Amino acid sequence: MQRMNVLQKLKVDSFLVILISVVVVASFFPCEGEAKKWFQYLTTAAIALLFFMHGAKLSRNAILAGIGHWRLHLVIFISTFVLFPVLGMGLHFIVPEWMSPTVYMGFLYLCALPATVQSAIAFTSVAGGNVAAAICSASASSLLGVFLSPLLVSFLIQGIESIEGEANTDIWKAIKDIILQLMVPFVIGHLSRPLIAGWVEKHKKLVNMTDRSSILLVVYVAFSEAVVEGIWHKIDVYSLVMIGIVCCLLLAIVLAINVCNARLFKFSKEDEITIVFCGSKKSLANGVPMANVLFPAPMVGIMLLPLMIFHQIQLMVCAVLAQRYARSLKSRNKSD
């Protein structure tokens, strides 16, 4: 209990602590041999279940509720699927001085992912923003991400591989794997929603536990493979610090541009809050299993590092921003 209070004061996500613990376990006790084969089968099943649940949780009513606010959603989608990738491509100029090409591809992957759902809505609510629009935008982003992110990833990675003179990613195989392992379970889950929506709502804790357990399993298998391939000989403390610095810069630029756009286009303060929190997030829940499908096993562990570090930084920064927005709105309401 005391440990949890300390984590809350430091704005540290407890799930990230568990995630780091899994990475440590994989570093000392990686799965190999026959066990590795069974873990891979289990991982494939866990990813299918994860995206089935994503589809089952996605409510069409939630999307339709705020869909009329198209200007706001357009700004958020441009931030998520255009601004981030453009900034990611711009990071090419600091390779290899600040990071290795593989870590850079991890940043490109991060930039192509959809926004989070739960945390974007939660921070918007805490800050006093337009929650209905946040639900609509975050849900639609998650839905679009299943289809759009793999294509964006393929485009960005193919671009950098052609620059580097390599071509390791089989785009058609990646698309086929995405369809079979992610899209099909997602669509089946969503079509099953009329039958299982009540059960999903009633057992939210169990569903969330399934989500997180699936992510932990994928991370364990990915880092086991990476450890066997010598990840900790390729990634040192300097590399981790550089990843953290670049994540902070990336988030700061996106937040600043989103605030400027919200004010330039004269959105209300409530809508500005929604744009800031929905347009700056990247989904760990979608990113971890998708990486396992898209990339060769030895690369997955390294490529997930930028996403894992960015995920924690965005939670810490947005927690502080949400409190500031809430105080600002409270002061404004008092003065009115």
# chains A, B, ... in the order shown; residues from 1 in each chain; ligands from 1

call {"tool": "residues_around", "arguments": {"residues": "Arg193 in chain A", "least_positions_apart": "2", "cutoff": "10 Å", "atoms": "only C-alpha atoms", "output": "compact mmCIF listing (two decimals) with all heavy atoms, in the first residue's frame"}}
result
# COMPACT_ATOMS: atom_id res chain seq x y z
N PHE A 52 -9.75 -9.36 -30.15
CA PHE A 52 -11.17 -9.73 -30.06
C PHE A 52 -11.86 -8.88 -29.00
O PHE A 52 -12.96 -8.34 -29.22
CB PHE A 52 -11.30 -11.22 -29.71
CG PHE A 52 -12.72 -11.68 -29.49
CD1 PHE A 52 -13.51 -12.08 -30.56
CD2 PHE A 52 -13.27 -11.69 -28.21
CE1 PHE A 52 -14.83 -12.49 -30.36
CE2 PHE A 52 -14.58 -12.10 -28.00
CZ PHE A 52 -15.36 -12.50 -29.07
N MET A 53 -11.21 -8.72 -27.85
CA MET A 53 -11.76 -7.91 -26.76
C MET A 53 -11.80 -6.43 -27.13
O MET A 53 -12.72 -5.72 -26.77
CB MET A 53 -10.96 -8.12 -25.48
CG MET A 53 -11.20 -9.46 -24.82
SD MET A 53 -12.96 -9.67 -24.39
CE MET A 53 -12.94 -11.32 -23.69
N GLY A 55 -12.32 -5.27 -30.09
CA GLY A 55 -13.50 -5.14 -30.95
C GLY A 55 -14.79 -5.21 -30.16
O GLY A 55 -15.74 -4.46 -30.43
N ALA A 56 -14.84 -6.10 -29.17
CA ALA A 56 -16.05 -6.26 -28.36
C ALA A 56 -16.32 -5.03 -27.49
O ALA A 56 -17.48 -4.68 -27.23
CB ALA A 56 -15.93 -7.50 -27.48
N LYS A 57 -15.25 -4.35 -27.04
CA LYS A 57 -15.42 -3.17 -26.17
C LYS A 57 -15.80 -1.92 -26.94
O LYS A 57 -16.33 -0.97 -26.36
CB LYS A 57 -14.13 -2.91 -25.40
CG LYS A 57 -13.83 -3.91 -24.29
CD LYS A 57 -12.68 -3.47 -23.43
CE LYS A 57 -11.38 -3.44 -24.17
NZ LYS A 57 -10.24 -3.10 -23.30
N LEU A 58 -15.52 -1.88 -28.24
CA LEU A 58 -15.74 -0.67 -29.03
C LEU A 58 -17.22 -0.47 -29.32
O LEU A 58 -17.84 -1.22 -30.06
CB LEU A 58 -14.97 -0.76 -30.34
CG LEU A 58 -15.01 0.49 -31.22
CD1 LEU A 58 -14.37 1.67 -30.51
CD2 LEU A 58 -14.30 0.22 -32.54
N SER A 59 -17.78 0.54 -28.71
CA SER A 59 -19.21 0.82 -28.86
C SER A 59 -19.46 1.77 -30.03
O SER A 59 -18.86 2.84 -30.12
CB SER A 59 -19.76 1.45 -27.57
OG SER A 59 -21.03 1.99 -27.77
N ARG A 60 -20.36 1.38 -30.92
CA ARG A 60 -20.72 2.26 -32.03
C ARG A 60 -21.41 3.53 -31.53
O ARG A 60 -21.28 4.60 -32.10
CB ARG A 60 -21.62 1.52 -33.02
CG ARG A 60 -20.85 0.79 -34.11
CD ARG A 60 -21.68 -0.23 -34.84
NE ARG A 60 -21.80 -1.46 -34.07
CZ ARG A 60 -22.37 -2.56 -34.52
NH1 ARG A 60 -22.87 -2.60 -35.72
NH2 ARG A 60 -22.43 -3.65 -33.77
N VAL A 187 -12.69 -7.71 -35.86
CA VAL A 187 -14.00 -7.64 -36.53
C VAL A 187 -14.97 -8.64 -35.91
O VAL A 187 -16.14 -8.31 -35.65
CB VAL A 187 -13.85 -7.88 -38.05
CG1 VAL A 187 -15.21 -8.03 -38.71
CG2 VAL A 187 -13.07 -6.74 -38.69
N ILE A 188 -14.50 -9.87 -35.65
CA ILE A 188 -15.37 -10.88 -35.03
C ILE A 188 -15.82 -10.41 -33.65
O ILE A 188 -16.99 -10.55 -33.28
CB ILE A 188 -14.64 -12.24 -34.92
CG1 ILE A 188 -14.41 -12.82 -36.31
CG2 ILE A 188 -15.45 -13.22 -34.07
CD1 ILE A 188 -13.55 -14.08 -36.32
N GLY A 189 -14.91 -9.82 -32.90
CA GLY A 189 -15.25 -9.31 -31.57
C GLY A 189 -16.29 -8.21 -31.64
O GLY A 189 -17.26 -8.20 -30.86
N HIS A 190 -16.13 -7.30 -32.62
CA HIS A 190 -17.09 -6.20 -32.74
C HIS A 190 -18.46 -6.71 -33.20
O HIS A 190 -19.50 -6.25 -32.73
CB HIS A 190 -16.56 -5.14 -33.70
CG HIS A 190 -17.36 -3.88 -33.67
ND1 HIS A 190 -17.50 -3.11 -32.54
CD2 HIS A 190 -18.08 -3.25 -34.64
CE1 HIS A 190 -18.26 -2.07 -32.80
NE2 HIS A 190 -18.63 -2.12 -34.06
N LEU A 191 -18.46 -7.66 -34.14
CA LEU A 191 -19.73 -8.22 -34.61
C LEU A 191 -20.42 -9.03 -33.50
O LEU A 191 -21.65 -9.17 -33.50
CB LEU A 191 -19.49 -9.11 -35.83
CG LEU A 191 -19.02 -8.39 -37.11
CD1 LEU A 191 -18.74 -9.40 -38.21
CD2 LEU A 191 -20.05 -7.36 -37.57
N LEU A 195 -24.07 -9.75 -28.62
CA LEU A 195 -24.25 -10.95 -27.81
C LEU A 195 -23.48 -10.89 -26.49
O LEU A 195 -23.93 -11.45 -25.47
CB LEU A 195 -23.80 -12.19 -28.61
CG LEU A 195 -24.53 -12.45 -29.92
CD1 LEU A 195 -23.89 -13.63 -30.66
CD2 LEU A 195 -26.01 -12.75 -29.65
N ILE A 196 -22.31 -10.24 -26.50
CA ILE A 196 -21.45 -10.31 -25.31
C ILE A 196 -21.21 -8.96 -24.64
O ILE A 196 -20.47 -8.89 -23.66
CB ILE A 196 -20.09 -10.94 -25.68
CG1 ILE A 196 -19.32 -10.06 -26.68
CG2 ILE A 196 -20.27 -12.36 -26.21
CD1 ILE A 196 -17.92 -10.56 -26.95
N ALA A 197 -21.84 -7.88 -25.15
CA ALA A 197 -21.60 -6.54 -24.59
C ALA A 197 -21.92 -6.49 -23.11
O ALA A 197 -21.18 -5.89 -22.31
CB ALA A 197 -22.42 -5.50 -25.34
N GLY A 198 -23.03 -7.11 -22.72
CA GLY A 198 -23.42 -7.12 -21.31
C GLY A 198 -22.38 -7.79 -20.44
O GLY A 198 -22.03 -7.29 -19.35
N TRP A 199 -21.87 -8.93 -20.90
CA TRP A 199 -20.85 -9.65 -20.14
C TRP A 199 -19.57 -8.83 -20.03
O TRP A 199 -18.94 -8.78 -18.97
CB TRP A 199 -20.57 -10.99 -20.82
CG TRP A 199 -19.66 -11.88 -20.02
CD1 TRP A 199 -19.99 -12.82 -19.10
CD2 TRP A 199 -18.21 -11.88 -20.09
NE1 TRP A 199 -18.86 -13.40 -18.59
CE2 TRP A 199 -17.75 -12.85 -19.18
CE3 TRP A 199 -17.27 -11.17 -20.85
CZ2 TRP A 199 -16.40 -13.13 -18.98
CZ3 TRP A 199 -15.93 -11.43 -20.65
CH2 TRP A 199 -15.50 -12.39 -19.73
N VAL A 200 -19.18 -8.18 -21.14
CA VAL A 200 -17.97 -7.37 -21.15
C VAL A 200 -18.09 -6.21 -20.17
O VAL A 200 -17.16 -5.92 -19.40
CB VAL A 200 -17.67 -6.84 -22.57
CG1 VAL A 200 -16.55 -5.80 -22.55
CG2 VAL A 200 -17.30 -7.98 -23.50

call {"tool": "residues_around", "arguments": {"residues": "Arg71 in chain A", "least_positions_apart": "6", "cutoff": "12 Å", "atoms": "only C-alpha atoms", "output": "JSON, numbers by chain"}}
result
{"A": [77, 78, 133, 137, 261, 262, 265, 266, 267, 271, 272, 275]}

call {"tool": "write_last_selection", "arguments": {"atoms": "N, CA, C and O atoms", "output": "mmCIF file, in the first residue's frame"}}
result
data_model
loop_
_atom_site.group_PDB
_atom_site.id
_atom_site.type_symbol
_atom_site.label_atom_id
_atom_site.label_comp_id
_atom_site.auth_asym_id
_atom_site.auth_seq_id
_atom_site.Cartn_x
_atom_site.Cartn_y
_atom_site.Cartn_z
ATOM 1 N N PHE A 77 -6.951 13.566 -35.493
ATOM 2 C CA PHE A 77 -6.482 12.512 -36.392
ATOM 3 C C PHE A 77 -5.234 12.943 -37.158
ATOM 4 O O PHE A 77 -4.331 12.141 -37.403
ATOM 5 N N ILE A 78 -5.182 14.229 -37.547
ATOM 6 C CA ILE A 78 -3.979 14.736 -38.227
ATOM 7 C C ILE A 78 -2.782 14.675 -37.284
ATOM 8 O O ILE A 78 -1.676 14.307 -37.683
ATOM 9 N N ALA A 133 -16.658 14.054 -26.903
ATOM 10 C CA ALA A 133 -15.809 14.117 -28.091
ATOM 11 C C ALA A 133 -14.562 13.258 -27.916
ATOM 12 O O ALA A 133 -14.080 12.638 -28.867
ATOM 13 N N SER A 137 -13.425 10.353 -30.384
ATOM 14 C CA SER A 137 -12.151 10.464 -31.078
ATOM 15 C C SER A 137 -11.216 9.318 -30.732
ATOM 16 O O SER A 137 -10.586 8.719 -31.621
ATOM 17 N N ASN A 261 -2.676 24.915 -32.436
ATOM 18 C CA ASN A 261 -3.742 24.670 -33.413
ATOM 19 C C ASN A 261 -5.120 24.883 -32.802
ATOM 20 O O ASN A 261 -6.019 25.453 -33.438
ATOM 21 N N ALA A 262 -5.293 24.410 -31.570
ATOM 22 C CA ALA A 262 -6.590 24.568 -30.898
ATOM 23 C C ALA A 262 -6.935 26.045 -30.740
ATOM 24 O O ALA A 262 -8.097 26.447 -30.923
ATOM 25 N N PHE A 265 -7.488 27.875 -34.347
ATOM 26 C CA PHE A 265 -8.795 27.608 -34.945
ATOM 27 C C PHE A 265 -9.953 27.918 -34.000
ATOM 28 O O PHE A 265 -11.091 27.539 -34.253
ATOM 29 N N LYS A 266 -9.619 28.612 -32.882
ATOM 30 C CA LYS A 266 -10.617 29.170 -31.959
ATOM 31 C C LYS A 266 -11.557 28.099 -31.374
ATOM 32 O O LYS A 266 -12.777 28.286 -31.317
ATOM 33 N N PHE A 267 -10.967 26.985 -30.962
ATOM 34 C CA PHE A 267 -11.748 25.988 -30.231
ATOM 35 C C PHE A 267 -11.966 26.480 -28.800
ATOM 36 O O PHE A 267 -11.179 27.272 -28.281
ATOM 37 N N ASP A 271 -12.662 21.976 -25.676
ATOM 38 C CA ASP A 271 -12.220 21.260 -26.884
ATOM 39 C C ASP A 271 -10.692 21.245 -26.992
ATOM 40 O O ASP A 271 -10.107 20.265 -27.461
ATOM 41 N N GLU A 272 -10.062 22.329 -26.561
ATOM 42 C CA GLU A 272 -8.592 22.362 -26.549
ATOM 43 C C GLU A 272 -8.038 21.231 -25.686
ATOM 44 O O GLU A 272 -7.083 20.544 -26.071
ATOM 45 N N ILE A 275 -8.286 17.993 -27.560
ATOM 46 C CA ILE A 275 -7.266 17.920 -28.611
ATOM 47 C C ILE A 275 -5.897 17.600 -28.021
ATOM 48 O O ILE A 275 -5.155 16.755 -28.541
#

call {"tool": "select_by_dssp", "arguments": {"residues": "range 103-146 of chain A", "states": "alpha helix (DSSP H)", "output": "MDAnalysis selection string"}}
result
chainID A and resid 103:112 118:127 131:146

call {"tool": "closest_residue", "arguments": {"among": "A:Ala326, A:Leu315, A:Ile253, A:Val227", "to": "Val300 in chain A", "atoms": "only C-alpha atoms"}}
result
A:Val227

call {"tool": "closest_residue", "arguments": {"among": "A:Pro306, A:Met209, A:Cys278, A:Ala291", "to": "Ala122 in chain A", "atoms": "only C-alpha atoms"}}
result
A:Cys278

call {"tool": "residues_around", "arguments": {"residues": "Ala222 in chain A", "least_positions_apart": "2", "cutoff": "10 Å", "atoms": "only C-alpha atoms", "output": "VMD selection string"}}
result
chain A and resid 23 26 30 to 31 40 43 216 to 220 224 to 227 288 to 289 291 to 292 296 to 304

call {"tool": "atom_distance", "arguments": {"atom1": "CA of Ile309 in chain A", "atom2": "CA of Ile243 in chain A"}}
result
7.6 Å

call {"tool": "residues_around", "arguments": {"residues": "Ala120 in chain A", "least_positions_apart": "3", "cutoff": "6 Å", "atoms": "only C-alpha atoms", "output": "number ranges by chain"}}
result
A: 116-117, 123, 277-278

call {"tool": "decode", "arguments": {"residues": "range 256-288 of chain A", "atoms": "N, CA, C and O atoms", "output": "PDB file, in the first residue's frame"}}
result
ATOM      1  N   ALA A 256       2.815  21.211 -27.896  1.00  0.00           N
ATOM      2  CA  ALA A 256       2.860  22.640 -28.256  1.00  0.00           C
ATOM      3  C   ALA A 256       2.087  22.915 -29.547  1.00  0.00           C
ATOM      4  O   ALA A 256       1.305  23.881 -29.622  1.00  0.00           O
ATOM      5  N   ILE A 257       2.264  22.068 -30.547  1.00  0.00           N
ATOM      6  CA  ILE A 257       1.557  22.262 -31.824  1.00  0.00           C
ATOM      7  C   ILE A 257       0.050  22.090 -31.631  1.00  0.00           C
ATOM      8  O   ILE A 257      -0.751  22.853 -32.203  1.00  0.00           O
ATOM      9  N   ASN A 258      -0.358  21.114 -30.820  1.00  0.00           N
ATOM     10  CA  ASN A 258      -1.792  20.898 -30.587  1.00  0.00           C
ATOM     11  C   ASN A 258      -2.433  22.075 -29.871  1.00  0.00           C
ATOM     12  O   ASN A 258      -3.554  22.480 -30.198  1.00  0.00           O
ATOM     13  N   VAL A 259      -1.737  22.626 -28.885  1.00  0.00           N
ATOM     14  CA  VAL A 259      -2.263  23.803 -28.177  1.00  0.00           C
ATOM     15  C   VAL A 259      -2.376  24.982 -29.147  1.00  0.00           C
ATOM     16  O   VAL A 259      -3.407  25.684 -29.179  1.00  0.00           O
ATOM     17  N   CYS A 260      -1.335  25.194 -29.942  1.00  0.00           N
ATOM     18  CA  CYS A 260      -1.358  26.306 -30.911  1.00  0.00           C
ATOM     19  C   CYS A 260      -2.487  26.138 -31.932  1.00  0.00           C
ATOM     20  O   CYS A 260      -3.197  27.106 -32.246  1.00  0.00           O
ATOM     21  N   ASN A 261      -2.676  24.915 -32.436  1.00  0.00           N
ATOM     22  CA  ASN A 261      -3.742  24.670 -33.413  1.00  0.00           C
ATOM     23  C   ASN A 261      -5.120  24.883 -32.802  1.00  0.00           C
ATOM     24  O   ASN A 261      -6.019  25.453 -33.438  1.00  0.00           O
ATOM     25  N   ALA A 262      -5.293  24.410 -31.570  1.00  0.00           N
ATOM     26  CA  ALA A 262      -6.590  24.568 -30.898  1.00  0.00           C
ATOM     27  C   ALA A 262      -6.935  26.045 -30.740  1.00  0.00           C
ATOM     28  O   ALA A 262      -8.097  26.447 -30.923  1.00  0.00           O
ATOM     29  N   ARG A 263      -5.943  26.861 -30.421  1.00  0.00           N
ATOM     30  CA  ARG A 263      -6.199  28.297 -30.223  1.00  0.00           C
ATOM     31  C   ARG A 263      -6.273  29.040 -31.553  1.00  0.00           C
ATOM     32  O   ARG A 263      -7.047  29.990 -31.688  1.00  0.00           O
ATOM     33  N   LEU A 264      -5.486  28.590 -32.529  1.00  0.00           N
ATOM     34  CA  LEU A 264      -5.522  29.218 -33.849  1.00  0.00           C
ATOM     35  C   LEU A 264      -6.893  29.058 -34.496  1.00  0.00           C
ATOM     36  O   LEU A 264      -7.417  30.002 -35.109  1.00  0.00           O
ATOM     37  N   PHE A 265      -7.488  27.875 -34.347  1.00  0.00           N
ATOM     38  CA  PHE A 265      -8.795  27.608 -34.945  1.00  0.00           C
ATOM     39  C   PHE A 265      -9.953  27.918 -34.000  1.00  0.00           C
ATOM     40  O   PHE A 265     -11.091  27.539 -34.253  1.00  0.00           O
ATOM     41  N   LYS A 266      -9.619  28.612 -32.882  1.00  0.00           N
ATOM     42  CA  LYS A 266     -10.617  29.170 -31.959  1.00  0.00           C
ATOM     43  C   LYS A 266     -11.557  28.099 -31.374  1.00  0.00           C
ATOM     44  O   LYS A 266     -12.777  28.286 -31.317  1.00  0.00           O
ATOM     45  N   PHE A 267     -10.967  26.985 -30.962  1.00  0.00           N
ATOM     46  CA  PHE A 267     -11.748  25.988 -30.231  1.00  0.00           C
ATOM     47  C   PHE A 267     -11.966  26.480 -28.800  1.00  0.00           C
ATOM     48  O   PHE A 267     -11.179  27.272 -28.281  1.00  0.00           O
ATOM     49  N   SER A 268     -13.018  25.995 -28.180  1.00  0.00           N
ATOM     50  CA  SER A 268     -13.256  26.324 -26.768  1.00  0.00           C
ATOM     51  C   SER A 268     -12.175  25.678 -25.914  1.00  0.00           C
ATOM     52  O   SER A 268     -11.449  24.776 -26.375  1.00  0.00           O
ATOM     53  N   LYS A 269     -12.055  26.114 -24.645  1.00  0.00           N
ATOM     54  CA  LYS A 269     -11.060  25.543 -23.741  1.00  0.00           C
ATOM     55  C   LYS A 269     -11.316  24.049 -23.528  1.00  0.00           C
ATOM     56  O   LYS A 269     -10.367  23.252 -23.464  1.00  0.00           O
ATOM     57  N   GLU A 270     -12.589  23.667 -23.451  1.00  0.00           N
ATOM     58  CA  GLU A 270     -12.928  22.249 -23.276  1.00  0.00           C
ATOM     59  C   GLU A 270     -12.474  21.420 -24.476  1.00  0.00           C
ATOM     60  O   GLU A 270     -11.947  20.316 -24.327  1.00  0.00           O
ATOM     61  N   ASP A 271     -12.662  21.976 -25.676  1.00  0.00           N
ATOM     62  CA  ASP A 271     -12.220  21.260 -26.884  1.00  0.00           C
ATOM     63  C   ASP A 271     -10.692  21.245 -26.992  1.00  0.00           C
ATOM     64  O   ASP A 271     -10.107  20.265 -27.461  1.00  0.00           O
ATOM     65  N   GLU A 272     -10.062  22.329 -26.561  1.00  0.00           N
ATOM     66  CA  GLU A 272      -8.592  22.362 -26.549  1.00  0.00           C
ATOM     67  C   GLU A 272      -8.038  21.231 -25.686  1.00  0.00           C
ATOM     68  O   GLU A 272      -7.083  20.544 -26.071  1.00  0.00           O
ATOM     69  N   ILE A 273      -8.644  21.019 -24.528  1.00  0.00           N
ATOM     70  CA  ILE A 273      -8.222  19.948 -23.632  1.00  0.00           C
ATOM     71  C   ILE A 273      -8.330  18.595 -24.327  1.00  0.00           C
ATOM     72  O   ILE A 273      -7.424  17.757 -24.256  1.00  0.00           O
ATOM     73  N   THR A 274      -9.439  18.391 -25.029  1.00  0.00           N
ATOM     74  CA  THR A 274      -9.645  17.125 -25.747  1.00  0.00           C
ATOM     75  C   THR A 274      -8.592  16.929 -26.830  1.00  0.00           C
ATOM     76  O   THR A 274      -8.038  15.830 -26.984  1.00  0.00           O
ATOM     77  N   ILE A 275      -8.286  17.993 -27.560  1.00  0.00           N
ATOM     78  CA  ILE A 275      -7.266  17.920 -28.611  1.00  0.00           C
ATOM     79  C   ILE A 275      -5.897  17.600 -28.021  1.00  0.00           C
ATOM     80  O   ILE A 275      -5.155  16.755 -28.541  1.00  0.00           O
ATOM     81  N   VAL A 276      -5.565  18.256 -26.915  1.00  0.00           N
ATOM     82  CA  VAL A 276      -4.254  18.056 -26.289  1.00  0.00           C
ATOM     83  C   VAL A 276      -4.068  16.619 -25.829  1.00  0.00           C
ATOM     84  O   VAL A 276      -3.034  15.988 -26.086  1.00  0.00           O
ATOM     85  N   PHE A 277      -5.089  16.060 -25.161  1.00  0.00           N
ATOM     86  CA  PHE A 277      -4.917  14.731 -24.578  1.00  0.00           C
ATOM     87  C   PHE A 277      -5.172  13.589 -25.565  1.00  0.00           C
ATOM     88  O   PHE A 277      -4.542  12.543 -25.468  1.00  0.00           O
ATOM     89  N   CYS A 278      -6.069  13.789 -26.506  1.00  0.00           N
ATOM     90  CA  CYS A 278      -6.319  12.728 -27.496  1.00  0.00           C
ATOM     91  C   CYS A 278      -5.314  12.760 -28.641  1.00  0.00           C
ATOM     92  O   CYS A 278      -5.069  11.730 -29.270  1.00  0.00           O
ATOM     93  N   GLY A 279      -4.735  13.921 -28.901  1.00  0.00           N
ATOM     94  CA  GLY A 279      -3.811  14.048 -30.024  1.00  0.00           C
ATOM     95  C   GLY A 279      -2.356  13.797 -29.689  1.00  0.00           C
ATOM     96  O   GLY A 279      -1.496  13.835 -30.571  1.00  0.00           O
ATOM     97  N   SER A 280      -2.055  13.540 -28.405  1.00  0.00           N
ATOM     98  CA  SER A 280      -0.654  13.364 -28.004  1.00  0.00           C
ATOM     99  C   SER A 280      -0.348  11.959 -27.505  1.00  0.00           C
ATOM    100  O   SER A 280       0.784  11.659 -27.143  1.00  0.00           O
ATOM    101  N   LYS A 281      -1.352  11.089 -27.474  1.00  0.00           N
ATOM    102  CA  LYS A 281      -1.188   9.747 -26.899  1.00  0.00           C
ATOM    103  C   LYS A 281      -0.804   8.718 -27.962  1.00  0.00           C
ATOM    104  O   LYS A 281      -1.178   8.835 -29.116  1.00  0.00           O
ATOM    105  N   LYS A 282      -0.085   7.693 -27.518  1.00  0.00           N
ATOM    106  CA  LYS A 282       0.207   6.536 -28.358  1.00  0.00           C
ATOM    107  C   LYS A 282      -0.077   5.278 -27.545  1.00  0.00           C
ATOM    108  O   LYS A 282       0.281   5.195 -26.368  1.00  0.00           O
ATOM    109  N   SER A 283      -0.726   4.307 -28.172  1.00  0.00           N
ATOM    110  CA  SER A 283      -1.291   3.163 -27.455  1.00  0.00           C
ATOM    111  C   SER A 283      -0.293   2.027 -27.257  1.00  0.00           C
ATOM    112  O   SER A 283       0.162   1.408 -28.219  1.00  0.00           O
ATOM    113  N   LEU A 284       0.022   1.756 -26.000  1.00  0.00           N
ATOM    114  CA  LEU A 284       0.843   0.596 -25.652  1.00  0.00           C
ATOM    115  C   LEU A 284       0.061  -0.695 -25.893  1.00  0.00           C
ATOM    116  O   LEU A 284       0.618  -1.697 -26.354  1.00  0.00           O
ATOM    117  N   ALA A 285      -1.246  -0.656 -25.593  1.00  0.00           N
ATOM    118  CA  ALA A 285      -2.089  -1.851 -25.727  1.00  0.00           C
ATOM    119  C   ALA A 285      -2.157  -2.341 -27.172  1.00  0.00           C
ATOM    120  O   ALA A 285      -2.182  -3.538 -27.434  1.00  0.00           O
ATOM    121  N   ASN A 286      -2.201  -1.417 -28.130  1.00  0.00           N
ATOM    122  CA  ASN A 286      -2.199  -1.797 -29.545  1.00  0.00           C
ATOM    123  C   ASN A 286      -0.785  -2.051 -30.059  1.00  0.00           C
ATOM    124  O   ASN A 286      -0.560  -2.920 -30.890  1.00  0.00           O
ATOM    125  N   GLY A 287       0.171  -1.269 -29.537  1.00  0.00           N
ATOM    126  CA  GLY A 287       1.516  -1.297 -30.077  1.00  0.00           C
ATOM    127  C   GLY A 287       2.300  -2.563 -29.808  1.00  0.00           C
ATOM    128  O   GLY A 287       3.014  -3.060 -30.685  1.00  0.00           O
ATOM    129  N   VAL A 288       2.169  -3.110 -28.581  1.00  0.00           N
ATOM    130  CA  VAL A 288       2.961  -4.292 -28.222  1.00  0.00           C
ATOM    131  C   VAL A 288       2.589  -5.508 -29.067  1.00  0.00           C
ATOM    132  O   VAL A 288       3.460  -6.118 -29.696  1.00  0.00           O
TER     133      VAL A 288
END
